[in-house]
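Student: Please find one structure pasted underneath; my questions will follow.
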Amino acid sequence: MGQAELLIAGLLVAVAGLSALARYVSIPYPIVLVIAGALFGLIPGVPEVKLNPDVVLVVFLPPLLYSAAFFANFSDLRSNLRSLSLSSIGLVLFTMTIVALVAHAVIDGMSWAAAFALGAIVSPTDPLAGGSIMRRLGLPRRIVSAVEGEGLFNDATALVAYRVAVAAAVGATFSLADASLKFLLSAAGGIAVGLAMGWVLAQVRARIADVQVNITISLLSGYAAFIPAQALGVSGVLAAVTTGIYMGFRGPSIIAPRTRLQGFFVWDILDFLLNAALFVLIGLQLRTVLDRLGGYSAGTLAGYAAAVCAVVIATRFIWLFTTPYIIRALDRRPSQRARRVGAALRVVIAWSGMRGAVSLAAALALPLNTHAGEPFPQRDLIIFLTFNVIFVTLVLQGLTLPALIHKLRVSDGGDGEMEEIKARLYATKAALQRIDELAEEDWTRDDTIDRLRRGYEYRKRRFAARAGKIEDDGYEDRSLAYQQIVISVLAAEREALVRLRNEGEISNEVMHRLLRDFDLEESRLEI
């Protein structure tokens, strides 16, 4: 068995086994996978695994960005546009600058260009780990959206700044005006490509009835935006994110229910597999990184890593505890006051600034040589420091974030549940209105209309009681009992189908088709 086969087999075993372990010990799976990958890579005899940065930036990144943007809360992103812009641009540049200042002062022989390259590499946050922990612990949706939105958009700023810093490090000329213009053109071009591709994809998917083809197009949508944008020299990150947001907004009105249902499950598995494999690969890079640093003592490396990690974490706190007060002093409109976030929530947001795959890919993509033929200044050290920032922010902050949330007693106060109840009540009223309209049609039967109306009337009273609009007259207890009866009846139907299949009375294909119908019916229940 070759190295490729061993790597694939190892990844499959690691993703399945370690993810199950993470769920068992109640630790977010990215943390477990990174730690396990690092430990596994240090085992003597294990083949060295080199992560090609193009694999991350071209293979992994587009679908992950598209998926995250598709399911992002568009209304939250729009209402928090100012703070999102500040964090995605201002915080990235601020972090890059402070890291560069400290790295140049602390690390012997590090040039300004190399220091700014390091700062650009470690400045973007990862939207996965922090957002998943915050959502699981019931934080306000607006805060989760802010952290995830920042992770979606700040990659574009960081990658543009990274290219400028690397160009300066290899000997190219640098102009602040030219760099600013490149950033604006890259961002505007990426958004334009994303909107254009989103419109094309929406037109195509609205006209395709085949479920498999439609879902396949959705799986390729991130690449369809990312690759043309990169070819045009604009931001592929913003293109993929913009396409995802556009399709997330248009999708519910143009995608058929069956396609949407199957696509949701396909994306759920694909998103998990891509993220899990990526975090294992990140952990496996530790051995490769350490092997290239023989010229430094362990104490020196530890000091450099501690300094950079501390600066990365501290700058986020400084930004989040200064810019809000500046905004408050300049903008005292009632709408601005309504968007204010308390100190406890800002601490949680600051502690959620975990770094991930984009930072490592950018570090690995550093050129080997300058234009003069000299080795890129301290390239191996930059990669080592980047890995440490990723590892420390993922493991240290990821493991302590739940305790911090509980300590600060931060929660959404049940707002998310109440929002869902309101939506269900609104949808039920719309259903009753449509039933009344259908009752006037000649082709409908009175007994069918009455049966439908009774079910929806009960549902409306139940949700109204949960929303506090009417007194609860035991609606929840009766609904729970009914749903338990339905589950029991569906289980009997499944057993009957399996028995018929085993006896050869029906085919396996027919059994699975009916089982899917029963599973869909059970998925509509709330227990």
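Please note that chains go A, B, ... in the order of the structure tokens, that every chain numbers its residues from 1, and that ligands are numbered from 1 in the order shown.
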Could the residues of segment 306-375 of chain A that have an atom at most 12 Å from segment 262-280 of chain A be listed as JSON lines, each with its closest atom pair and the distance in Å to one decimal, counting only C-alpha atoms and ordered by chain and ascending residue number?
Tutor:
{"residue": "A:Arg355", "atom": "CA", "partner": "A:Phe279", "partner_atom": "CA", "distance": 11.3}
{"residue": "A:Gly356", "atom": "CA", "partner": "A:Phe279", "partner_atom": "CA", "distance": 8.1}
{"residue": "A:Ala357", "atom": "CA", "partner": "A:Leu278", "partner_atom": "CA", "distance": 7.2}
{"residue": "A:Val358", "atom": "CA", "partner": "A:Leu278", "partner_atom": "CA", "distance": 10.4}
{"residue": "A:Leu360", "atom": "CA", "partner": "A:Leu278", "partner_atom": "CA", "distance": 10.6}
{"residue": "A:Ala361", "atom": "CA", "partner": "A:Leu278", "partner_atom": "CA", "distance": 10.8}
Student: Take the residues from that selection and write them out as a compact mmCIF listing (two decimals), in the first residue's frame, keeping N, CA and C atoms.
Tutor:
# COMPACT_ATOMS: atom_id res chain seq x y z
N ARG A 355 -7.97 30.74 14.81
CA ARG A 355 -7.38 30.70 13.47
C ARG A 355 -7.47 29.29 12.91
N GLY A 356 -7.41 29.19 11.55
CA GLY A 356 -7.62 27.88 10.95
C GLY A 356 -6.83 27.66 9.68
N ALA A 357 -7.49 27.00 8.73
CA ALA A 357 -6.80 26.47 7.55
C ALA A 357 -6.26 27.55 6.63
N VAL A 358 -6.97 28.66 6.50
CA VAL A 358 -6.50 29.71 5.58
C VAL A 358 -5.14 30.24 6.03
N LEU A 360 -2.80 28.62 7.71
CA LEU A 360 -1.77 27.63 7.43
C LEU A 360 -1.47 27.56 5.93
N ALA A 361 -2.50 27.60 5.11
CA ALA A 361 -2.29 27.55 3.66
C ALA A 361 -1.47 28.75 3.18
Student: Which residues of segment 81-147 of chain A come within 9 Å of segment 314-318 of chain A, and what is each one's closest atom pair and distance in Å (one decimal), counting only C-alpha atoms, sorted by chain and residue number, as a Markdown table?
Tutor:
| residue | atom | partner | partner_atom | distance |
| --- | --- | --- | --- | --- |
| A:Leu91 | CA | A:Arg316 | CA | 7.3 |
| A:Phe94 | CA | A:Thr315 | CA | 7.6 |
| A:Thr95 | CA | A:Thr315 | CA | 6.0 |
| A:Ile98 | CA | A:Thr315 | CA | 7.4 |
| A:Val99 | CA | A:Thr315 | CA | 8.6 |
Student: One number please: atom CA of Ala38 of chain A to atom CA of Leu286 of chain A, in Å, one decimal.
Tutor: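 Going from atom CA of Ala38 of chain A over to atom CA of Leu286 of chain A covers 5.6 Å.
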Student: Can you tell me which residues surround Ala69 of chain A at a distance of at most 6 Å, considering only C-alpha atoms, apart from same-chain residues fewer than 3 positions away, and format the answer as a list of chain:residue names?
Tutor: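 Neighbouring residues, sequence-local ones excluded: A:Tyr66, A:Ala72, A:Val241, A:Gly244, A:Ile245.
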Student: Any chance you can output those residues with N, CA and C atoms as a PDB file, in the first residue's frame?
Tutor:
ATOM      1  N   TYR A  66     -18.706  28.631   0.455  1.00  0.00           N
ATOM      2  CA  TYR A  66     -20.041  28.683  -0.145  1.00  0.00           C
ATOM      3  C   TYR A  66     -21.088  28.138   0.815  1.00  0.00           C
ATOM      4  N   ALA A  72     -25.724  31.307   6.141  1.00  0.00           N
ATOM      5  CA  ALA A  72     -25.556  32.472   7.018  1.00  0.00           C
ATOM      6  C   ALA A  72     -26.867  33.255   7.110  1.00  0.00           C
ATOM      7  N   VAL A 241     -18.149  33.590  -1.330  1.00  0.00           N
ATOM      8  CA  VAL A 241     -19.045  34.012  -0.252  1.00  0.00           C
ATOM      9  C   VAL A 241     -20.261  34.737  -0.822  1.00  0.00           C
ATOM     10  N   GLY A 244     -22.629  32.315  -2.379  1.00  0.00           N
ATOM     11  CA  GLY A 244     -23.330  31.571  -1.343  1.00  0.00           C
ATOM     12  C   GLY A 244     -24.451  32.376  -0.707  1.00  0.00           C
ATOM     13  N   ILE A 245     -24.189  33.645  -0.407  1.00  0.00           N
ATOM     14  CA  ILE A 245     -25.224  34.497   0.181  1.00  0.00           C
ATOM     15  C   ILE A 245     -26.372  34.697  -0.809  1.00  0.00           C
TER      16      ILE A 245
END
Student: Apply DSSP to the backbone of this structure and, from segment 193-395 of chain A, keep only the residues in helix (DSSP H, G or I); write these as JSON, numbers by chain.
Tutor: {"A": [193, 194, 195, 196, 197, 198, 199, 200, 201, 202, 203, 204, 205, 206, 211, 212, 213, 214, 215, 216, 217, 218, 219, 220, 221, 222, 223, 224, 225, 226, 227, 228, 229, 230, 231, 236, 237, 238, 239, 240, 241, 242, 243, 244, 245, 246, 247, 248, 249, 250, 251, 252, 253, 254, 257, 258, 259, 260, 261, 262, 263, 264, 265, 266, 267, 268, 269, 270, 271, 272, 273, 274, 275, 276, 277, 278, 279, 280, 281, 282, 283, 284, 285, 286, 287, 288, 289, 290, 291, 298, 299, 300, 301, 302, 303, 304, 305, 306, 307, 308, 309, 310, 311, 312, 313, 314, 315, 316, 317, 318, 319, 320, 323, 324, 325, 326, 327, 328, 329, 330, 334, 335, 336, 337, 338, 343, 344, 345, 346, 347, 348, 349, 350, 351, 357, 358, 359, 360, 361, 362, 363, 364, 379, 380, 381, 382, 383, 384, 385, 386, 387, 388, 389, 390, 391, 392, 393, 394, 395]}
Student: Considering only C-alpha atoms, return as a PyMOL selection string whatever protein or nucleic-acid residues lie within 12 Å of Val147 of chain A, sequence-local ones (same chain, fewer than 4 positions apart) excluded.
Tutor: chain A and resi 68+72-73+76-77+80+83-84+87-88+124-135+139-143+151-154+345-346+348-354
Student: Within 6 Å of Ile191 of chain A, counting only C-alpha atoms, which residues qualify if same-chain residues fewer than 4 places away don't, as a PyMOL selection string?
Tutor: chain A and resi 238-239+242
Student: Deliver the residues from the most recent selection as a file, using N, CA and C atoms, as a short mmCIF file (atom, residue, chain, number, x, y, z; two decimals), in the first residue's frame.
Tutor:
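Writing done, so here's result-v2.cif:
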data_model
loop_
_atom_site.label_atom_id
_atom_site.label_comp_id
_atom_site.auth_asym_id
_atom_site.auth_seq_id
_atom_site.Cartn_x
_atom_site.Cartn_y
_atom_site.Cartn_z
N LEU A 238 -14.20 36.34 -1.72
CA LEU A 238 -15.42 37.14 -1.73
C LEU A 238 -16.39 36.67 -2.81
N ALA A 239 -15.87 36.16 -3.92
CA ALA A 239 -16.74 35.65 -4.97
C ALA A 239 -17.53 34.44 -4.47
N THR A 242 -20.05 35.63 -1.78
CA THR A 242 -21.16 36.38 -2.37
C THR A 242 -22.14 35.45 -3.09
#
Student: Under the rule of at most 8 Å, produce a per-residue listing of segment 455-509 of chain A near segment 421-428 of chain A: chain, number, name, the closest pair of atoms, and the distance in Å, as CSV, using only C-alpha atoms.
Tutor:
residue,atom,partner,partner_atom,distance
A:Tyr456,CA,A:Thr428,CA,6.5
A:Arg459,CA,A:Thr428,CA,7.2
A:Lys460,CA,A:Leu425,CA,6.0
A:Phe463,CA,A:Leu425,CA,5.7
A:Ala464,CA,A:Leu425,CA,6.8
A:Arg466,CA,A:Ile421,CA,7.2
A:Ala467,CA,A:Ile421,CA,6.5
Student: Could you pull the residues within 9 Å of segment 204-217 of chain A, counting only C-alpha atoms, minus those fewer than 3 positions along the same chain, as a PDB file with N, CA and C atoms, in the first residue's frame?
Tutor:
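Below is the file that was written, selection.pdb:
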ATOM      1  N   TRP A 199     -26.358  34.761  -9.991  1.00  0.00           N
ATOM      2  CA  TRP A 199     -27.518  34.943 -10.865  1.00  0.00           C
ATOM      3  C   TRP A 199     -27.589  33.823 -11.902  1.00  0.00           C
ATOM      4  N   VAL A 200     -26.448  33.478 -12.492  1.00  0.00           N
ATOM      5  CA  VAL A 200     -26.418  32.401 -13.496  1.00  0.00           C
ATOM      6  C   VAL A 200     -26.840  31.076 -12.864  1.00  0.00           C
ATOM      7  N   LEU A 201     -26.286  30.762 -11.703  1.00  0.00           N
ATOM      8  CA  LEU A 201     -26.619  29.502 -11.031  1.00  0.00           C
ATOM      9  C   LEU A 201     -28.091  29.454 -10.654  1.00  0.00           C
ATOM     10  N   LEU A 220     -20.763  22.259  -6.886  1.00  0.00           N
ATOM     11  CA  LEU A 220     -19.729  22.919  -7.694  1.00  0.00           C
ATOM     12  C   LEU A 220     -19.843  24.437  -7.682  1.00  0.00           C
ATOM     13  N   SER A 221     -20.856  24.969  -7.005  1.00  0.00           N
ATOM     14  CA  SER A 221     -21.118  26.407  -7.058  1.00  0.00           C
ATOM     15  C   SER A 221     -19.970  27.228  -6.480  1.00  0.00           C
ATOM     16  N   GLY A 251     -32.471  30.720  -2.984  1.00  0.00           N
ATOM     17  CA  GLY A 251     -32.707  29.291  -3.029  1.00  0.00           C
ATOM     18  C   GLY A 251     -34.090  28.824  -2.623  1.00  0.00           C
ATOM     19  N   SER A 253     -36.938  29.961  -2.896  1.00  0.00           N
ATOM     20  CA  SER A 253     -38.019  30.248  -3.840  1.00  0.00           C
ATOM     21  C   SER A 253     -37.825  29.578  -5.196  1.00  0.00           C
ATOM     22  N   ILE A 254     -36.660  28.999  -5.469  1.00  0.00           N
ATOM     23  CA  ILE A 254     -36.420  28.407  -6.787  1.00  0.00           C
ATOM     24  C   ILE A 254     -36.053  26.927  -6.730  1.00  0.00           C
ATOM     25  N   ILE A 255     -35.680  26.419  -5.573  1.00  0.00           N
ATOM     26  CA  ILE A 255     -35.262  25.022  -5.448  1.00  0.00           C
ATOM     27  C   ILE A 255     -36.444  24.186  -4.978  1.00  0.00           C
ATOM     28  N   ALA A 256     -36.696  23.064  -5.650  1.00  0.00           N
ATOM     29  CA  ALA A 256     -37.822  22.195  -5.316  1.00  0.00           C
ATOM     30  C   ALA A 256     -37.636  21.579  -3.932  1.00  0.00           C
ATOM     31  N   ARG A 258     -37.999  18.550  -2.692  1.00  0.00           N
ATOM     32  CA  ARG A 258     -37.248  17.290  -2.632  1.00  0.00           C
ATOM     33  C   ARG A 258     -35.760  17.548  -2.833  1.00  0.00           C
ATOM     34  N   THR A 259     -35.431  18.406  -3.780  1.00  0.00           N
ATOM     35  CA  THR A 259     -34.025  18.752  -4.011  1.00  0.00           C
ATOM     36  C   THR A 259     -33.425  19.434  -2.785  1.00  0.00           C
ATOM     37  N   ARG A 260     -34.176  20.344  -2.200  1.00  0.00           N
ATOM     38  CA  ARG A 260     -33.689  21.068  -1.024  1.00  0.00           C
ATOM     39  C   ARG A 260     -33.438  20.109   0.142  1.00  0.00           C
ATOM     40  N   GLN A 262     -32.847  16.728   0.086  1.00  0.00           N
ATOM     41  CA  GLN A 262     -31.701  15.863  -0.145  1.00  0.00           C
ATOM     42  C   GLN A 262     -30.407  16.668  -0.166  1.00  0.00           C
ATOM     43  N   GLY A 263     -30.445  17.864  -0.723  1.00  0.00           N
ATOM     44  CA  GLY A 263     -29.253  18.693  -0.756  1.00  0.00           C
ATOM     45  C   GLY A 263     -28.767  19.082   0.629  1.00  0.00           C
ATOM     46  N   VAL A 266     -26.840  16.125   1.958  1.00  0.00           N
ATOM     47  CA  VAL A 266     -25.574  15.973   1.237  1.00  0.00           C
ATOM     48  C   VAL A 266     -24.566  17.009   1.724  1.00  0.00           C
TER      49      VAL A 266
END
Student: Give me, as a list in words, all polymer residues having an atom no more than 12 Å from segment 470-483 of chain A, counting only C-alpha atoms and skipping those fewer than 6 positions away in the same chain.
Tutor: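 Residues meeting the cut-off are Gly455, Glu457, Tyr458, Arg459, Lys460, Arg461, Arg462, Phe463, Ala464, Val489, Leu490, Glu521, Glu522, Ser523, Arg524, Leu525, Glu526 and Ile527 of chain A.
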Student: Put those residues in a file: C-alpha atoms, as an mmCIF file, in the first residue's frame.
Tutor:
data_model
loop_
_atom_site.group_PDB
_atom_site.id
_atom_site.type_symbol
_atom_site.label_atom_id
_atom_site.label_comp_id
_atom_site.auth_asym_id
_atom_site.auth_seq_id
_atom_site.Cartn_x
_atom_site.Cartn_y
_atom_site.Cartn_z
ATOM 1 C CA GLY A 455 -55.336 19.706 12.376
ATOM 2 C CA GLU A 457 -56.488 24.851 14.081
ATOM 3 C CA TYR A 458 -55.078 22.659 16.835
ATOM 4 C CA ARG A 459 -51.555 23.496 15.708
ATOM 5 C CA LYS A 460 -52.371 27.212 15.775
ATOM 6 C CA ARG A 461 -53.745 27.022 19.334
ATOM 7 C CA ARG A 462 -50.725 25.031 20.454
ATOM 8 C CA PHE A 463 -48.186 27.530 19.068
ATOM 9 C CA ALA A 464 -50.244 30.472 20.298
ATOM 10 C CA VAL A 489 -47.063 3.310 14.393
ATOM 11 C CA LEU A 490 -44.271 4.235 11.971
ATOM 12 C CA GLU A 521 -42.955 11.792 8.057
ATOM 13 C CA GLU A 522 -41.190 11.162 11.362
ATOM 14 C CA SER A 523 -38.717 14.003 10.718
ATOM 15 C CA ARG A 524 -41.647 16.444 10.841
ATOM 16 C CA LEU A 525 -42.264 15.555 14.487
ATOM 17 C CA GLU A 526 -40.710 17.664 17.241
ATOM 18 C CA ILE A 527 -39.523 14.890 19.567
#
Student: Please determine, counting only C-alpha atoms, which residue among A:Gln484, A:Ser186, A:Thr393, A:Gln230 has the shortest atom-to-atom distance to Ile313 of chain A.
Tutor: A:Thr393
Student: Quick one: pull the distance between atom CA of Pro402 of chain A and atom CA of Val347 of chain A, Å, one decimal.
Tutor: 12.5 Å
